[in-house]
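K.L.:
One structure, pasted below without further comment.
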Amino acid sequence: MKFLFVTVFGESLALMRTLEDEGHRVKCFVKDPQFQDVGRGVISRVRKWKPYAKWADVIVFDDADLGRDCENMRSRGYPCVGGNSFGDNLENQRLFGQKILEEVGIKIPKSRRFKSFRSAIKFVGKRPARYVLKFNGQLARYLSYIGRFGDGSDVVDILEHYLGIWNKNKKVDFIVQKYVDGIEMGVGAFFNGMDFVYPINITFEHKHFLAGGVGPLTPEMGTSMYYSKDGGKLFRETLLKMKPYLARTNYRGFIDINCMVTEGGAYALEFSSRFGYPQLDIQLALHKTPWGELLHKLALGALKKFDVHRGFAIGVVIAGAGVPFEVSYNKYGRGLPILGINENNKHQIRLSEVFKKNGAYYCAGSGYPITVTGRGKSMVSAQQAAYNTVDQIVVPNSLYRTDIGDHWVHERLKLKKWGYI
Amino acid sequence: MKFLFVTPLAESASLVQKVQEEGHAVRFYIKDKKWRDVARGLVPHVRDWKKHRDWADIIVFDDVEMAKDAEWLRERGYPVIGGNVFGDRIENDRIFGVKIMREAGIRFPRSWRFKSFASGIKFIQKNPGRYVIKFNGQLDRFLCYVGKFPDGSDMTDLLNHYPRVWLKKDKIDFILQEVIDGVEMSVSGFFNGTDFAYPINVTFEHKRFMAGGVGPFTGEMGTTIYYSKDGGKLFRETLLKMKPYLARVNYRGSIDLNSMVTEKGAYAIEFTSRFGYPQVDIQQELHITPWGELLYDLAHGKLKKFKVRSGFAIGVIIGGAGMPFEIAYRKYGKHLPILGINDENRTQVKLLEVYKKDGKLYTTGAGYPLVINGRGKSIKEAQKNAYNVVNQIIIPNGVYRIDIGDHWKQDAPLLKKWGYL
């Protein structure tokens with residue numbers, strides 16, 4: 001079959017490679033001008049995607065910015081995988097997402113929106129507790145702050161600091177969210193236009209830059225996951241409640257909700273109305289049903305279930321030097337060679353932000369060139385499989401966390417006690 | 001007493017504060033403009049150190065590169081610590097350093113010098129093995145690379161890559177050094193002009209950015225130290241052999257030699273002819289003899305021994321976001337507030353690249369604002385004490401390694417077996 005991938009950053013490169021390995025043909029469009037080197041030499045790329053719509057048997061929209069395009073093509077009868085504008089709004093507009101969560105009866109942490117630092121300082125001063133600050137817009141990731149002190153005094157200090165340095169011409173718009181002490185856990189699934197497709201994917205993200213959960217937030221440094229037959233308690237408490245909304249909008253793609261799970265239930269944090277990355281790369285390691293078949297059926301609304309391996313998979317992101325900051329990655333990490341991929345380990349190497357030249361792979365994009373996956377009956381054996389290969393790969397000065405999956409040792413017991421596994 | 005500290009990069013900032021806490025008068029001169037705000041608001045700064053040389057009882061030069069000034073003063077009878085032309089040369093001029101090691105009978109790894117990448121590649125192809133590449137001159141430490149593949153193919157790949165990113169203005173001048181598999185360990189002592197003062201400091205550095213020894217080299221992410229009465233086998237095999245050389249040049253200050261220790265003996269790598277950082281910050285945790293007294297006696301050539309605590313100390317660097325890349329640190333990590341220091345933990349918190357404004361502390365310099373010390377009878381206890389405080393300190397998006405001292409579990413049995421403990 002023929003697959004056309006419409007992407008913003010080329011993030012689904014590993015899926016495209018898998019489809020080629022299955023014997024399908026793939027063409028890829030990358031929208032963002034800064035990511036034009038992603039996939040070069042690895043996959044057949046096109047400068048405009050619309051002329052290839054008729055060529056393709058299935059069109060895959062791999063990101064949350066593309067919902068409207070996907071919707072248009074679907075309404076014109078093209079078999080498409082990907083979200084829709086409802087999904088895009090869920091992910092990109094926090095307030096809309098929160099409104100829907102409340103409507104369907106999914107628990108969310110209490111939060112309040114502020115347009116001035118002074119009023120937030122006053123708010124926290126009156127209600128001392130642990131809070132999280134989240135900003136809207138570009139710099140959001142590095143301005144976000146997860147409070148640590150029980151009296152909120154660190155959040156007040158940070159707010160006072162922002163008040164002092166803030167550019168007066170810039171709008172202030174952020175939320176102060178009550179900190180929920182629990183275990184971060186995501187639940188994701190394919191939706192076929194009318195219903196969820198089983199099994200359900202359960203993930204544990206590692207967003208912090210350094211081992212132990214230290215340092216700034218990154219897009220992701222690694223994920224551990226497994227598939228659950230029915231999604232269990234977390235699925236019932238959260239994502240399953242979205243079914244009528246997704247059916248109403250004929251959603252055909254992957255969707256995920258990230259939550260804080262506690263003894264008193266799950267609190268939803270945010271939607272990903274698209275494939276997750278590197279979630280998708282790691283799913284590749286667990287799926288038995290060929291991806292060509294899965295995507296084709298999903299696009300046609302005919303996918304009811306699919307086969308996966310039992311057990312666990314983890315993915316370790318190997319990032320280029322300078323990550324997560326673009327200024328330093330562009331100077332120190334970009335363009336460096338990726339060495340050590342061989343016949344024995346290549347099925348565990350999921351290429352993402354790379355280009356290929358004269359037979360060798362190089363770091364491209366924003367600094368996340370490969371994810372190394374490992375699968376096993378237990379979390380420990382999945383870790384061993386992954387890190388065994390991580391040790392064979394060389395990207396000069398590259399970065400990775402050595403503790404992806406370690407969380408399982410203590411979290412498993414709590415999750416069992418609370419009924420989530 | 002009165003102490004004048006003369007420094008290019010303000011690295012001795014915490015030692016200056018320590019001496020001030022002991023009740024002495026201090027003045028701090030920082031040569032490099034970029035570092036002038038370090039310790040501002042914490043100790044008195046001066047703009048022209050020469051005007052204060054007669055004020056001071058003791059003048060401390062805390063780095064290599066200002067040796068001529070120091071020697072000029074010493075010749076005129078000023079009591080001076082640090083700053084020695086010979087010392088500078090053995091640290092900065094690799095070829096001279098190796099020549100002296102050979103003369104003194106100190107073992108070191110074999111290395112070969114190259115002035116073109118092609119000749120380096122040819123060499124490795126003829127002599128397959130693991131090598132370290134080190135560049136001579138003032139080039140980025142991020143170009144250094146420690147070979148991983150036994151056939152040297154990763155190094156040849158990298159050498160093939162370098163011409164593509166090499167700036168025309170930079171001379172190509174590097175060495176390939178054989179990789180010695182062993183335990184990295186160093187010894188350092190205070191030299192009083194004629195002899196070493198005892199006890200001897202034994203140090204384990206953690207230069208890599210991430211836990212597990214992953215990622216680019218940094219200035220340092222943390223260190224484990226202890227004091228040994230006589231320095232043991234490593235001291236005898238390496239640094240002690242430098243005594244006649246140091247006596248001949250009337251060396252007065254701290255000097256360190258790090259080595260790869262193996263079953264067959266120690267291979268010396270490089271000299272540090274000055275205080276080590278954060279070594280001196282962590283030494284403060286173990287010293288009983290007041291620093292004012294130690295520095296005074298050292299400058300006057302009278303220091304024979306000093307008192308320390310038995311047991312171990314570790315220091316954990318808390319770095320600012322973006323480090324070790326200055327270009328990213330300036331944008332994301334500099335001028336951020338430091339929170340969580342209180343009366344109970346402040347003795348363990350060493351302020352390095354920090355300034356104080358309106359009663360609050362902020363990050364500055366190149367990205368190494370704090371060292372958190374912990375002391376204990378065992379490494380484990382020292383770790384517990386240090387990380388207990390690390391967890392109380394907040395620098396937004398700050399980075400640190402969670403594994404400083406963990407090496408001890410594997411290293412201690414080997415070192416014991418080989419006779420180094």
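Scheme for the structure tokens: letters A, B, ... for chains in order shown; per-chain residue numbers from 1; ligand numbers from 1 in order shown.
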For the strand (DSSP E) assignment from backbone DSSP, which residues of range 21-94 of chain A qualify? Please present them as a PyMOL selection string.
P.N.:
chain A and resi 25-30+58-61+80-81
K.L.:
Would you output that residue set with N, CA and C atoms, as a PDB file, in the first residue's frame?
P.N.:
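New file out-v5.pdb:
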```
ATOM      1  N   ARG A  25       4.879   1.526   0.513  1.00  0.00           N
ATOM      2  CA  ARG A  25       5.584   2.713   0.028  1.00  0.00           C
ATOM      3  C   ARG A  25       5.170   3.933   0.837  1.00  0.00           C
ATOM      4  N   VAL A  26       6.124   4.818   1.092  1.00  0.00           N
ATOM      5  CA  VAL A  26       5.865   5.961   1.964  1.00  0.00           C
ATOM      6  C   VAL A  26       6.396   7.240   1.330  1.00  0.00           C
ATOM      7  N   LYS A  27       5.610   8.287   1.434  1.00  0.00           N
ATOM      8  CA  LYS A  27       6.109   9.622   1.127  1.00  0.00           C
ATOM      9  C   LYS A  27       5.826  10.521   2.319  1.00  0.00           C
ATOM     10  N   CYS A  28       6.733  11.477   2.536  1.00  0.00           N
ATOM     11  CA  CYS A  28       6.634  12.283   3.755  1.00  0.00           C
ATOM     12  C   CYS A  28       6.735  13.762   3.433  1.00  0.00           C
ATOM     13  N   PHE A  29       5.843  14.530   4.035  1.00  0.00           N
ATOM     14  CA  PHE A  29       5.893  15.987   3.926  1.00  0.00           C
ATOM     15  C   PHE A  29       6.196  16.561   5.317  1.00  0.00           C
ATOM     16  N   VAL A  30       7.189  17.453   5.385  1.00  0.00           N
ATOM     17  CA  VAL A  30       7.523  18.123   6.651  1.00  0.00           C
ATOM     18  C   VAL A  30       7.213  19.602   6.496  1.00  0.00           C
ATOM     19  N   VAL A  58      -3.535   5.689   2.069  1.00  0.00           N
ATOM     20  CA  VAL A  58      -3.848   6.219   3.398  1.00  0.00           C
ATOM     21  C   VAL A  58      -3.027   7.479   3.620  1.00  0.00           C
ATOM     22  N   ILE A  59      -3.667   8.513   4.156  1.00  0.00           N
ATOM     23  CA  ILE A  59      -2.926   9.727   4.528  1.00  0.00           C
ATOM     24  C   ILE A  59      -2.864   9.780   6.055  1.00  0.00           C
ATOM     25  N   VAL A  60      -1.653   9.939   6.572  1.00  0.00           N
ATOM     26  CA  VAL A  60      -1.467  10.011   8.025  1.00  0.00           C
ATOM     27  C   VAL A  60      -1.070  11.428   8.408  1.00  0.00           C
ATOM     28  N   PHE A  61      -1.852  12.052   9.280  1.00  0.00           N
ATOM     29  CA  PHE A  61      -1.509  13.373   9.820  1.00  0.00           C
ATOM     30  C   PHE A  61      -0.952  13.119  11.209  1.00  0.00           C
ATOM     31  N   CYS A  80      -8.077   8.691   6.044  1.00  0.00           N
ATOM     32  CA  CYS A  80      -7.080   9.447   6.807  1.00  0.00           C
ATOM     33  C   CYS A  80      -6.958   8.937   8.228  1.00  0.00           C
ATOM     34  N   VAL A  81      -5.736   8.954   8.728  1.00  0.00           N
ATOM     35  CA  VAL A  81      -5.478   8.748  10.151  1.00  0.00           C
ATOM     36  C   VAL A  81      -5.006  10.078  10.713  1.00  0.00           C
TER      37      VAL A  81
END
```
K.L.:
Please report as JSON, numbers by chain which residues of chain A come no farther than 6 Å from chain B, using only C-alpha atoms.
P.N.:
{"A": [215, 216, 328, 397, 398, 399]}
K.L.:
Using only C-alpha atoms, determine which residues lie at most 12 Å from Arg346 in chain B, disregarding the query and same-chain residues fewer than 3 positions distant; provide the list as a ChimeraX atom specification.
P.N.:
/B:339-343,349-351,370-374,386,389-390,392-393
K.L.:
Can you work out which one of B:Phe5, B:Trp49, B:Phe28, B:Phe123 has the shortest atom-to-atom distance to Thr156 in chain B, counting only C-alpha atoms?
P.N.:
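Checking each of B:Phe5, B:Trp49, B:Phe28, B:Phe123 against Thr156 in chain B, counting only C-alpha atoms, the winner is B:Phe123.
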K.L.:
Might you pull out every residue within 12 Å of range 356-363 of chain A, with only C-alpha atoms counted and same-chain residues fewer than 5 positions away left off, and present them as a ChimeraX atom specification?
P.N.:
/A:35,37-44,318-323,329-342,349,351,368-370,393-398 /B:157-158,160-161
K.L.:
Can you list, as a PyMOL selection string, every residue of range 126-343 of chain A that DSSP puts in alpha helix (DSSP H)?
P.N.:
chain A and resi 126+140-143+153-165+232-237+243-248+279-286+291-300+326-332
K.L.:
Just C-alpha atoms for this one: save the residues we selected as a PDB file, in the first residue's frame.
P.N.:
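And here's selection.pdb as it stands now:
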```pdb
ATOM      1  CA  LYS A 126      -3.778  33.698  51.373  1.00  0.00           C
ATOM      2  CA  ALA A 140       6.225  28.046  28.640  1.00  0.00           C
ATOM      3  CA  ARG A 141       8.402  25.052  29.288  1.00  0.00           C
ATOM      4  CA  TYR A 142      11.201  26.902  31.044  1.00  0.00           C
ATOM      5  CA  LEU A 143       8.967  29.299  32.942  1.00  0.00           C
ATOM      6  CA  SER A 153       6.821  30.355  49.723  1.00  0.00           C
ATOM      7  CA  ASP A 154       9.014  29.159  46.847  1.00  0.00           C
ATOM      8  CA  VAL A 155       6.196  29.829  44.380  1.00  0.00           C
ATOM      9  CA  VAL A 156       5.831  33.320  45.846  1.00  0.00           C
ATOM     10  CA  ASP A 157       9.590  33.873  45.490  1.00  0.00           C
ATOM     11  CA  ILE A 158       9.494  32.741  41.868  1.00  0.00           C
ATOM     12  CA  LEU A 159       6.497  34.943  41.115  1.00  0.00           C
ATOM     13  CA  GLU A 160       8.270  37.910  42.688  1.00  0.00           C
ATOM     14  CA  HIS A 161      11.300  37.142  40.566  1.00  0.00           C
ATOM     15  CA  TYR A 162       9.182  37.069  37.398  1.00  0.00           C
ATOM     16  CA  LEU A 163       7.524  40.314  38.434  1.00  0.00           C
ATOM     17  CA  GLY A 164      10.967  41.915  38.598  1.00  0.00           C
ATOM     18  CA  ILE A 165      12.306  40.694  35.269  1.00  0.00           C
ATOM     19  CA  GLY A 232      -8.220  -0.731  33.743  1.00  0.00           C
ATOM     20  CA  LYS A 233      -9.326   1.815  36.298  1.00  0.00           C
ATOM     21  CA  LEU A 234      -7.394   4.742  34.859  1.00  0.00           C
ATOM     22  CA  PHE A 235      -9.003   4.312  31.433  1.00  0.00           C
ATOM     23  CA  ARG A 236     -12.476   4.082  32.977  1.00  0.00           C
ATOM     24  CA  GLU A 237     -11.889   7.145  35.147  1.00  0.00           C
ATOM     25  CA  LYS A 243     -16.009   8.376  23.845  1.00  0.00           C
ATOM     26  CA  PRO A 244     -19.221  10.289  22.967  1.00  0.00           C
ATOM     27  CA  TYR A 245     -17.245  13.445  22.086  1.00  0.00           C
ATOM     28  CA  LEU A 246     -14.781  11.592  19.902  1.00  0.00           C
ATOM     29  CA  ALA A 247     -17.550   9.632  18.179  1.00  0.00           C
ATOM     30  CA  ARG A 248     -19.525  12.797  17.516  1.00  0.00           C
ATOM     31  CA  GLN A 279       5.414   6.850  22.701  1.00  0.00           C
ATOM     32  CA  LEU A 280       4.792   5.796  19.095  1.00  0.00           C
ATOM     33  CA  ASP A 281       8.417   4.686  18.664  1.00  0.00           C
ATOM     34  CA  ILE A 282       8.056   2.413  21.666  1.00  0.00           C
ATOM     35  CA  GLN A 283       4.656   1.103  20.576  1.00  0.00           C
ATOM     36  CA  LEU A 284       6.485  -0.135  17.479  1.00  0.00           C
ATOM     37  CA  ALA A 285       8.354  -2.495  19.774  1.00  0.00           C
ATOM     38  CA  LEU A 286       5.153  -3.991  21.224  1.00  0.00           C
ATOM     39  CA  TRP A 291       1.206  -1.228  11.074  1.00  0.00           C
ATOM     40  CA  GLY A 292       0.105  -1.043   7.462  1.00  0.00           C
ATOM     41  CA  GLU A 293      -2.959  -3.075   8.295  1.00  0.00           C
ATOM     42  CA  LEU A 294      -3.625  -1.158  11.519  1.00  0.00           C
ATOM     43  CA  LEU A 295      -3.435   2.278   9.914  1.00  0.00           C
ATOM     44  CA  HIS A 296      -5.450   1.280   6.872  1.00  0.00           C
ATOM     45  CA  LYS A 297      -8.260  -0.191   8.942  1.00  0.00           C
ATOM     46  CA  LEU A 298      -8.161   2.745  11.328  1.00  0.00           C
ATOM     47  CA  ALA A 299      -8.532   5.188   8.451  1.00  0.00           C
ATOM     48  CA  LEU A 300     -11.509   3.221   7.136  1.00  0.00           C
ATOM     49  CA  GLU A 326      18.148  25.095  20.800  1.00  0.00           C
ATOM     50  CA  VAL A 327      20.948  27.664  20.961  1.00  0.00           C
ATOM     51  CA  SER A 328      23.371  25.124  22.355  1.00  0.00           C
ATOM     52  CA  TYR A 329      22.098  22.145  20.356  1.00  0.00           C
ATOM     53  CA  ASN A 330      22.539  24.019  17.096  1.00  0.00           C
ATOM     54  CA  LYS A 331      26.113  24.800  18.056  1.00  0.00           C
ATOM     55  CA  TYR A 332      27.247  21.592  19.760  1.00  0.00           C
TER      56      TYR A 332
END
```
K.L.:
Near range 183-187 of chain B, within 10 Å and counting only C-alpha atoms, which residues show up once chain neighbours fewer than 3 positions away are dropped, as an MDAnalysis selection string?
P.N.:
chainID B and resid 180 200:206 224:228 231:232 234:236 238:240 255:263 266:271 407 410:412 414:415 420
K.L.:
Save out the residues we just selected, C-alpha atoms, as a PDB file, in the first residue's frame.
P.N.:
```
ATOM      1  CA  ILE B 180      43.682   3.103  30.120  1.00  0.00           C
ATOM      2  CA  ILE B 200      47.341  14.268  51.474  1.00  0.00           C
ATOM      3  CA  ASN B 201      44.033  14.723  49.718  1.00  0.00           C
ATOM      4  CA  VAL B 202      42.584  11.899  47.632  1.00  0.00           C
ATOM      5  CA  THR B 203      39.904  12.828  45.111  1.00  0.00           C
ATOM      6  CA  PHE B 204      37.432  11.205  42.730  1.00  0.00           C
ATOM      7  CA  GLU B 205      36.087  13.565  40.109  1.00  0.00           C
ATOM      8  CA  HIS B 206      32.802  13.377  38.199  1.00  0.00           C
ATOM      9  CA  THR B 224      34.316  12.568  46.476  1.00  0.00           C
ATOM     10  CA  ILE B 225      37.302  13.199  48.725  1.00  0.00           C
ATOM     11  CA  TYR B 226      39.068  11.972  51.807  1.00  0.00           C
ATOM     12  CA  TYR B 227      42.376  12.706  53.507  1.00  0.00           C
ATOM     13  CA  SER B 228      45.136  10.132  53.781  1.00  0.00           C
ATOM     14  CA  GLY B 231      48.895   9.643  50.567  1.00  0.00           C
ATOM     15  CA  GLY B 232      49.416   5.913  50.159  1.00  0.00           C
ATOM     16  CA  LEU B 234      49.153   6.528  44.563  1.00  0.00           C
ATOM     17  CA  PHE B 235      50.961   9.477  46.153  1.00  0.00           C
ATOM     18  CA  ARG B 236      54.242   7.550  46.192  1.00  0.00           C
ATOM     19  CA  THR B 238      53.025   9.943  41.283  1.00  0.00           C
ATOM     20  CA  LEU B 239      52.919  13.291  43.053  1.00  0.00           C
ATOM     21  CA  LEU B 240      55.613  12.610  45.652  1.00  0.00           C
ATOM     22  CA  ILE B 255      48.973  20.893  43.504  1.00  0.00           C
ATOM     23  CA  ASP B 256      47.068  17.911  42.173  1.00  0.00           C
ATOM     24  CA  LEU B 257      47.851  15.076  39.792  1.00  0.00           C
ATOM     25  CA  ASN B 258      45.068  12.840  38.538  1.00  0.00           C
ATOM     26  CA  SER B 259      45.682   9.327  37.311  1.00  0.00           C
ATOM     27  CA  MET B 260      44.116   6.218  35.942  1.00  0.00           C
ATOM     28  CA  VAL B 261      44.801   3.592  38.557  1.00  0.00           C
ATOM     29  CA  THR B 262      45.109   0.012  37.346  1.00  0.00           C
ATOM     30  CA  GLU B 263      46.218  -3.361  38.608  1.00  0.00           C
ATOM     31  CA  ALA B 266      48.953   4.385  38.171  1.00  0.00           C
ATOM     32  CA  TYR B 267      49.116   6.285  34.896  1.00  0.00           C
ATOM     33  CA  ALA B 268      49.222  10.035  35.436  1.00  0.00           C
ATOM     34  CA  ILE B 269      47.004  12.176  33.233  1.00  0.00           C
ATOM     35  CA  GLU B 270      47.367  15.845  34.129  1.00  0.00           C
ATOM     36  CA  PHE B 271      48.499  18.363  36.702  1.00  0.00           C
ATOM     37  CA  HIS B 407      31.319   4.919  42.151  1.00  0.00           C
ATOM     38  CA  GLN B 410      32.662  -0.704  42.582  1.00  0.00           C
ATOM     39  CA  ASP B 411      35.870   1.260  42.986  1.00  0.00           C
ATOM     40  CA  ALA B 412      36.638   0.518  46.639  1.00  0.00           C
ATOM     41  CA  LEU B 414      39.328  -2.831  43.232  1.00  0.00           C
ATOM     42  CA  LEU B 415      41.430  -0.141  44.876  1.00  0.00           C
ATOM     43  CA  TYR B 420      45.587   1.907  46.772  1.00  0.00           C
TER      44      TYR B 420
END
```
K.L.:
Mind pulling up the distance from CA of Gly182 in chain A to CA of Lys416 in chain A?
P.N.:
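Rounded to one decimal, the two atoms are 13.4 Å apart.
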K.L.:
Please compute the CA of Asp48 in chain B-CA of Ile30 in chain B distance, one decimal, in Å.
P.N.:
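Rounded to one decimal, the two atoms are 9.0 Å apart.
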K.L.:
If we count only C-alpha atoms and set the cut-off at 10 Å, which residues sit around range 188-192 of chain B, ignoring sequence neighbours fewer than 3 positions away in its own chain? Please answer as a PyMOL selection string.
P.N.:
chain B and resi 81-82+195-203+227+231+235+239-240+243+246-247+250-258+271-276+279+294-295+297-306
K.L.:
Take the selection from the previous step and output its residues with N, CA and C atoms, as a short mmCIF file (atom, residue, chain, number, x, y, z; two decimals), in the first residue's frame.
P.N.:
```
data_model
loop_
_atom_site.label_atom_id
_atom_site.label_comp_id
_atom_site.auth_asym_id
_atom_site.auth_seq_id
_atom_site.Cartn_x
_atom_site.Cartn_y
_atom_site.Cartn_z
N ILE B 81 50.61 32.92 48.04
CA ILE B 81 50.22 31.53 47.78
C ILE B 81 49.83 31.40 46.32
N GLY B 82 50.26 30.30 45.70
CA GLY B 82 49.89 30.03 44.31
C GLY B 82 50.73 30.85 43.36
N ASP B 195 58.62 21.20 50.87
CA ASP B 195 58.10 19.85 51.02
C ASP B 195 56.57 19.88 51.04
N PHE B 196 56.00 18.68 50.88
CA PHE B 196 54.55 18.56 51.01
C PHE B 196 54.14 18.69 52.47
N ALA B 197 52.99 19.31 52.70
CA ALA B 197 52.39 19.33 54.03
C ALA B 197 51.40 18.19 54.09
N TYR B 198 51.33 17.53 55.23
CA TYR B 198 50.46 16.36 55.35
C TYR B 198 49.26 16.67 56.23
N PRO B 199 48.14 15.99 56.05
CA PRO B 199 47.85 14.83 55.20
C PRO B 199 47.66 15.20 53.72
N ILE B 200 47.48 14.14 52.92
CA ILE B 200 47.34 14.27 51.47
C ILE B 200 45.88 14.02 51.08
N ASN B 201 45.42 14.82 50.15
CA ASN B 201 44.03 14.72 49.72
C ASN B 201 43.87 13.73 48.57
N VAL B 202 42.88 12.87 48.70
CA VAL B 202 42.58 11.90 47.63
C VAL B 202 41.19 12.22 47.08
N THR B 203 41.10 12.28 45.76
CA THR B 203 39.90 12.83 45.11
C THR B 203 39.39 11.94 43.99
N TYR B 227 40.97 12.41 53.24
CA TYR B 227 42.38 12.71 53.51
C TYR B 227 43.10 11.44 53.94
N GLY B 231 49.19 9.65 52.00
CA GLY B 231 48.89 9.64 50.57
C GLY B 231 48.89 8.27 49.94
N PHE B 235 50.12 8.31 45.91
CA PHE B 235 50.96 9.48 46.15
C PHE B 235 52.42 9.12 45.88
N LEU B 239 52.64 11.91 42.66
CA LEU B 239 52.92 13.29 43.05
C LEU B 239 54.19 13.46 43.90
N LEU B 240 54.44 12.49 44.77
CA LEU B 240 55.61 12.61 45.65
C LEU B 240 56.90 12.76 44.84
N LYS B 243 58.46 16.20 44.18
CA LYS B 243 59.00 17.02 45.28
C LYS B 243 60.25 17.81 44.90
N LEU B 246 59.32 20.74 42.62
CA LEU B 246 58.54 21.79 43.27
C LEU B 246 59.41 22.57 44.25
N ALA B 247 60.32 21.87 44.94
CA ALA B 247 61.21 22.53 45.89
C ALA B 247 62.14 23.49 45.15
N ASN B 250 60.46 26.64 44.49
CA ASN B 250 59.85 27.25 45.66
C ASN B 250 58.33 27.34 45.54
N TYR B 251 57.72 26.24 45.10
CA TYR B 251 56.27 26.18 44.89
C TYR B 251 55.55 26.27 46.23
N ARG B 252 54.59 27.20 46.32
CA ARG B 252 53.81 27.33 47.56
C ARG B 252 52.32 27.41 47.23
N GLY B 253 51.68 26.26 47.38
CA GLY B 253 50.26 26.23 47.08
C GLY B 253 49.80 24.80 46.97
N SER B 254 48.60 24.64 46.44
CA SER B 254 48.03 23.31 46.26
C SER B 254 48.41 22.79 44.88
N ILE B 255 48.71 21.50 44.81
CA ILE B 255 48.97 20.89 43.50
C ILE B 255 48.36 19.50 43.48
N ASP B 256 47.83 19.16 42.32
CA ASP B 256 47.07 17.91 42.17
C ASP B 256 47.51 17.20 40.90
N LEU B 257 47.55 15.87 40.99
CA LEU B 257 47.85 15.08 39.79
C LEU B 257 46.82 13.97 39.73
N ASN B 258 46.05 13.93 38.62
CA ASN B 258 45.07 12.84 38.54
C ASN B 258 45.59 11.73 37.65
N PHE B 271 48.28 17.57 35.49
CA PHE B 271 48.50 18.36 36.70
C PHE B 271 47.43 19.44 36.83
N THR B 272 47.12 19.78 38.09
CA THR B 272 46.37 20.99 38.37
C THR B 272 47.21 21.76 39.37
N SER B 273 47.86 22.83 38.90
CA SER B 273 48.84 23.54 39.73
C SER B 273 48.19 24.72 40.41
N ARG B 274 47.19 24.44 41.21
CA ARG B 274 46.40 25.48 41.87
C ARG B 274 45.41 24.75 42.76
N PHE B 275 44.53 25.49 43.45
CA PHE B 275 43.44 24.82 44.13
C PHE B 275 42.60 24.12 43.07
N GLY B 276 41.98 23.01 43.43
CA GLY B 276 41.01 22.40 42.53
C GLY B 276 39.63 22.92 42.87
N GLN B 279 37.14 21.01 44.44
CA GLN B 279 37.92 20.32 45.47
C GLN B 279 38.09 21.18 46.73
N LEU B 294 46.18 28.12 58.02
CA LEU B 294 46.80 27.26 57.01
C LEU B 294 47.41 28.09 55.89
N LEU B 295 46.66 29.07 55.40
CA LEU B 295 47.16 29.87 54.28
C LEU B 295 48.36 30.72 54.71
N ASP B 297 50.55 30.06 57.16
CA ASP B 297 51.74 29.21 57.31
C ASP B 297 52.27 28.76 55.95
N LEU B 298 51.35 28.48 55.04
CA LEU B 298 51.76 28.02 53.71
C LEU B 298 52.54 29.12 52.98
N ALA B 299 52.01 30.32 53.04
CA ALA B 299 52.67 31.43 52.35
C ALA B 299 54.05 31.69 52.93
N HIS B 300 54.19 31.45 54.24
CA HIS B 300 55.48 31.68 54.89
C HIS B 300 56.39 30.47 54.85
N GLY B 301 55.94 29.41 54.16
CA GLY B 301 56.79 28.23 54.03
C GLY B 301 56.91 27.42 55.31
N LYS B 302 55.96 27.62 56.25
CA LYS B 302 56.08 26.95 57.54
C LYS B 302 55.10 25.80 57.73
N LEU B 303 54.18 25.63 56.76
CA LEU B 303 53.14 24.62 56.98
C LEU B 303 53.72 23.22 56.83
N LYS B 304 53.67 22.45 57.94
CA LYS B 304 54.19 21.07 57.90
C LYS B 304 53.04 20.08 57.89
N LYS B 305 52.06 20.38 58.72
CA LYS B 305 50.88 19.53 58.74
C LYS B 305 49.68 20.36 59.19
N PHE B 306 48.53 19.78 58.99
CA PHE B 306 47.30 20.44 59.42
C PHE B 306 46.30 19.37 59.83
#
```
K.L.:
Do a neighbour search on Ala386 in chain A at 9 Å with only C-alpha atoms, toss out local chain neighbours closer than 6 positions, and write the hits as a VMD selection string.
P.N.:
chain A and resid 313 to 316 348 372 to 375
K.L.:
Restricting the calculation to only C-alpha atoms, which member of A:Val6, A:Ala120, A:Ile146, A:Met185 is positioned closest to Asp65 in chain A?
P.N.:
A:Val6
K.L.:
Between CA of Ile314 in chain B and CA of His407 in chain A, what distance in Å does the model show, to one decimal?
P.N.:
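Between these atoms lies a distance of 25.5 Å.
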